[in-house]
file entry.txt (compact mmCIF, C-alpha atoms)
# COMPACT_ATOMS: atom_id res chain seq x y z
CA MET A 1 70.50 -13.08 201.22
CA ARG A 2 67.05 -12.60 202.57
CA PHE A 3 66.13 -9.88 205.13
CA PRO A 4 63.23 -10.15 207.51
CA ARG A 5 60.25 -8.01 206.53
CA THR A 6 60.69 -5.67 209.53
CA SER A 7 64.26 -4.83 208.43
CA ALA A 8 63.09 -3.95 204.92
CA VAL A 9 60.41 -1.66 206.36
CA ALA A 10 62.99 -0.01 208.62
CA VAL A 11 65.35 0.56 205.68
CA VAL A 12 62.58 2.10 203.54
CA ALA A 13 61.46 4.28 206.46
CA ALA A 14 65.04 5.44 207.04
CA LEU A 15 65.43 6.36 203.37
CA VAL A 16 62.17 8.29 203.36
CA LEU A 17 63.09 10.14 206.55
CA ALA A 18 66.59 10.87 205.29
CA GLY A 19 65.16 12.28 202.07
CA GLY A 20 62.84 14.54 204.05
CA ALA A 21 65.67 15.64 206.31
CA SER A 22 67.79 16.67 203.36
CA ARG A 23 65.00 18.87 202.05
CA VAL A 24 64.63 20.56 205.44
CA GLY A 25 68.40 21.04 205.64
CA ALA A 26 68.44 22.58 202.18
CA GLN A 27 65.95 25.22 203.23
CA GLY A 28 67.35 28.63 203.92
CA GLN A 29 67.14 29.87 207.46
CA ALA A 30 64.60 32.55 206.52
CA GLU A 31 62.05 29.96 205.40
CA GLN A 32 62.03 28.45 208.89
CA PHE A 33 60.55 31.59 210.49
CA THR A 34 56.82 32.22 210.68
CA PRO A 35 55.35 35.22 208.82
CA GLU A 36 54.50 36.79 212.19
CA TYR A 37 58.14 36.53 213.33
CA ARG A 38 59.42 38.05 210.08
CA GLU A 39 56.91 40.91 210.32
CA LEU A 40 57.97 41.67 213.89
CA ARG A 41 61.63 41.86 212.86
CA ARG A 42 60.83 44.28 210.00
CA THR A 43 59.62 46.88 212.43
CA TYR A 44 61.56 48.31 215.32
CA ASP A 45 61.16 48.18 219.05
CA GLU A 46 62.33 51.33 220.77
CA LYS A 47 64.06 49.37 223.55
CA HIS A 48 65.74 46.63 221.45
CA THR A 49 66.61 48.09 218.03
CA PRO A 50 70.27 49.11 217.68
CA LYS A 51 70.94 52.76 216.86
CA ILE A 52 73.94 53.24 214.55
CA GLU A 53 75.82 56.53 214.61
CA ALA A 54 78.43 56.84 211.85
CA PRO A 55 79.31 59.30 209.10
CA ASP A 56 77.39 58.96 205.83
CA THR A 57 80.60 59.33 203.81
CA VAL A 58 84.17 58.31 204.66
CA LYS A 59 87.49 58.28 202.81
CA ARG A 60 88.86 54.93 201.66
CA GLY A 61 91.14 53.40 204.29
CA GLN A 62 90.58 56.19 206.83
CA TRP A 63 89.68 55.13 210.39
CA PHE A 64 86.32 56.30 211.72
CA GLU A 65 84.09 55.53 214.67
CA VAL A 66 80.80 53.68 214.62
CA THR A 67 78.76 53.95 217.81
CA VAL A 68 76.01 51.41 218.41
CA THR A 69 73.57 52.02 221.24
CA ILE A 70 70.81 49.53 221.98
CA GLY A 71 67.49 51.30 222.05
CA ILE A 72 66.16 53.94 219.66
CA GLY A 73 63.62 55.55 221.99
CA SER A 74 65.03 54.43 225.32
CA ILE A 75 68.15 52.61 226.43
CA HIS A 76 67.89 48.84 226.92
CA PRO A 77 68.17 47.79 230.58
CA SER A 78 71.28 46.12 231.93
CA LEU A 79 69.88 43.97 234.72
CA ALA A 80 70.97 40.56 235.95
CA GLU A 81 67.76 39.04 234.58
CA HIS A 82 67.54 41.05 231.33
CA PHE A 83 70.51 42.48 229.44
CA VAL A 84 72.17 42.62 226.01
CA ARG A 85 74.50 39.63 225.51
CA TYR A 86 76.47 41.08 222.60
CA ILE A 87 76.62 43.76 219.92
CA ALA A 88 78.04 42.74 216.55
CA LEU A 89 78.91 44.95 213.58
CA TYR A 90 78.76 43.68 209.99
CA LYS A 91 79.86 45.23 206.71
CA ASP A 92 77.43 43.82 204.16
CA GLY A 93 77.41 40.07 205.04
CA ALA A 94 80.76 39.85 206.88
CA GLU A 95 81.09 40.29 210.63
CA ILE A 96 83.88 42.77 211.34
CA ALA A 97 83.59 43.26 215.12
CA ARG A 98 81.74 41.93 218.17
CA ILE A 99 81.67 42.89 221.82
CA TYR A 100 80.18 40.85 224.65
CA LEU A 101 78.46 42.67 227.51
CA HIS A 102 78.11 41.74 231.15
CA PRO A 103 74.83 42.28 233.03
CA VAL A 104 74.62 45.18 235.47
CA PHE A 105 78.19 46.46 234.80
CA SER A 106 77.96 47.02 231.01
CA TYR A 107 76.07 49.88 229.40
CA PRO A 108 74.37 48.66 226.17
CA LYS A 109 76.65 50.67 223.88
CA ALA A 110 79.75 49.91 221.83
CA VAL A 111 82.15 52.12 219.89
CA PHE A 112 83.95 50.42 217.00
CA THR A 113 86.84 52.05 215.13
CA ILE A 114 86.94 50.73 211.57
CA ALA A 115 88.21 51.54 208.07
CA LEU A 116 86.57 50.54 204.78
CA ASP A 117 87.92 49.97 201.28
CA GLU A 118 84.54 50.23 199.60
CA GLY A 119 81.05 51.46 200.37
CA GLY A 120 78.22 49.27 201.49
CA SER A 121 75.92 48.72 204.37
CA LEU A 122 76.88 48.57 208.03
CA ARG A 123 74.58 46.33 210.05
CA ALA A 124 74.42 46.24 213.84
CA VAL A 125 73.02 43.15 215.56
CA ALA A 126 72.19 42.98 219.25
CA GLU A 127 70.98 39.94 221.14
CA PRO A 128 69.20 40.52 224.44
CA THR A 129 68.55 37.69 226.88
CA HIS A 130 64.74 37.67 226.52
CA SER A 131 64.34 37.75 222.74
CA ALA A 132 65.97 36.92 219.44
CA ALA A 133 68.54 39.27 217.94
CA TRP A 134 67.49 42.71 216.69
CA GLU A 135 69.24 44.60 213.91
CA SER A 136 69.44 47.84 212.01
CA SER A 137 71.57 49.07 209.13
CA LYS A 138 73.14 52.23 207.71
CA LYS A 139 74.53 52.81 204.24
CA ILE A 140 78.11 54.14 204.06
CA VAL A 141 79.63 55.76 200.98
CA VAL A 142 83.42 55.49 200.55
CA THR A 143 85.24 58.13 198.50
CA PRO A 144 88.79 57.89 197.12

call {"tool": "encode", "arguments": {"input": "entry.txt", "output": "C-alpha cells"}}
result
Amino acid sequence: MRFPRTSAVAVVAALVLAGGASRVGAQGQAEQFTPEYRELRRTYDEKHTPKIEAPDTVKRGQWFEVTVTIGIGSIHPSLAEHFVRYIALYKDGAEIARIYLHPVFSYPKAVFTIALDEGGSLRAVAEPTHSAAWESSKKIVVTP
C-alpha cells in the first residue's frame, strides 16, 4: 500500500512531536520552574509564608495541636479580591489535613489536631489568590 507523501510527513512529524512530548512529561515538576521562581520560593515573604506553631517533641500516638497562621511578620488579608484559598498540612510528603477558607469571613489561620507514629517534618502550604502556594516546615521528634 502506498501513502501520499503528505501523509508520510504527517506521520513522521507526529512521531517526532510525540517523542518530544514524552521527554517533557518525564521531567519533574521542579525542572519546569525558572531559577528566579525557585529563588523566590526559597526565601520568605512576611505576608504569605505560613507560620507553624507546634511542639518540638511529642509522644508517639499522642494527640497534639498544630497551628498554622499565614504571615510571619503580618497577617495575610482576607478580602474579597485577595485571600488565602486553603491551608494544607503535610507530614513529610503525605498530606494529612487541609482546610479551605472563605474570603472576608475566614481568618487566615487553622488549628489541626494530629498524632504521629514517627518523627519527621511537618510542612504547611498556603495558596493565596494572587500568587502561587507558599510553604514552610518544622521538624518534629517523636519519642516512645

call {"tool": "closest_residue", "arguments": {"input": "entry.txt", "among": "A:His48, A:Leu89, A:Gly71, A:Pro128", "to": "Phe112 (chain A)", "atoms": "all atoms listed in the file"}}
result
A:Leu89

call {"tool": "closest_residue", "arguments": {"input": "entry.txt", "among": "A:Ile140, A:Ile114, A:Val66, A:Ala126", "to": "Lys47 (chain A)", "atoms": "all atoms listed in the file"}}
result
A:Ala126

call {"tool": "closest_residue", "arguments": {"input": "entry.txt", "among": "A:Pro144, A:Ser137, A:Phe83, A:Ser106", "to": "Glu53 (chain A)", "atoms": "all atoms listed in the file"}}
result
A:Ser137

call {"tool": "closest_residue", "arguments": {"input": "entry.txt", "among": "A:Tyr107, A:Glu65, A:Gly93, A:Val58", "to": "Leu79 (chain A)", "atoms": "all atoms listed in the file"}}
result
A:Tyr107

call {"tool": "closest_residue", "arguments": {"input": "entry.txt", "among": "A:Gly120, A:Val84, A:Pro77, A:Val125", "to": "Ala97 (chain A)", "atoms": "all atoms listed in the file"}}
result
A:Val125

call {"tool": "residues_near_point", "arguments": {"input": "entry.txt", "point": "(83.0, 38.5, 219.7)", "cutoff": "10 Å", "atoms": "all atoms listed in the file", "output": "PDB file with C-alpha atoms, keeping the file's coordinate frame"}}
result
ATOM      1  CA  TYR A  86      76.470  41.080 222.600  1.00  0.00           C
ATOM      2  CA  ILE A  87      76.620  43.760 219.920  1.00  0.00           C
ATOM      3  CA  ALA A  88      78.040  42.740 216.550  1.00  0.00           C
ATOM      4  CA  LEU A  89      78.910  44.950 213.580  1.00  0.00           C
ATOM      5  CA  GLU A  95      81.090  40.290 210.630  1.00  0.00           C
ATOM      6  CA  ILE A  96      83.880  42.770 211.340  1.00  0.00           C
ATOM      7  CA  ALA A  97      83.590  43.260 215.120  1.00  0.00           C
ATOM      8  CA  ARG A  98      81.740  41.930 218.170  1.00  0.00           C
ATOM      9  CA  ILE A  99      81.670  42.890 221.820  1.00  0.00           C
ATOM     10  CA  TYR A 100      80.180  40.850 224.650  1.00  0.00           C
ATOM     11  CA  LEU A 101      78.460  42.670 227.510  1.00  0.00           C
TER      12      LEU A 101
END

call {"tool": "atom_distance", "arguments": {"input": "entry.txt", "atom1": "CA of Glu118 (chain A)", "atom2": "CA of Gly61 (chain A)"}}
result
8.7 Å

call {"tool": "atom_distance", "arguments": {"input": "entry.txt", "atom1": "CA of Lys91 (chain A)", "atom2": "CA of His130 (chain A)"}}
result
26.0 Å

call {"tool": "atom_distance", "arguments": {"input": "entry.txt", "atom1": "CA of Ala54 (chain A)", "atom2": "CA of Lys138 (chain A)"}}
result
8.1 Å

call {"tool": "closest_residue", "arguments": {"input": "entry.txt", "among": "A:Asp45, A:Asp117, A:Glu127, A:Glu135", "to": "Trp63 (chain A)", "atoms": "all atoms listed in the file"}}
result
A:Asp117

call {"tool": "residues_around", "arguments": {"input": "entry.txt", "residues": "Ile52 (chain A)", "least_positions_apart": "6", "cutoff": "9 Å", "atoms": "all atoms listed in the file", "output": "JSON, numbers by chain"}}
result
{"A": [66, 67, 68, 69, 70, 122, 123, 124, 136, 137, 138]}
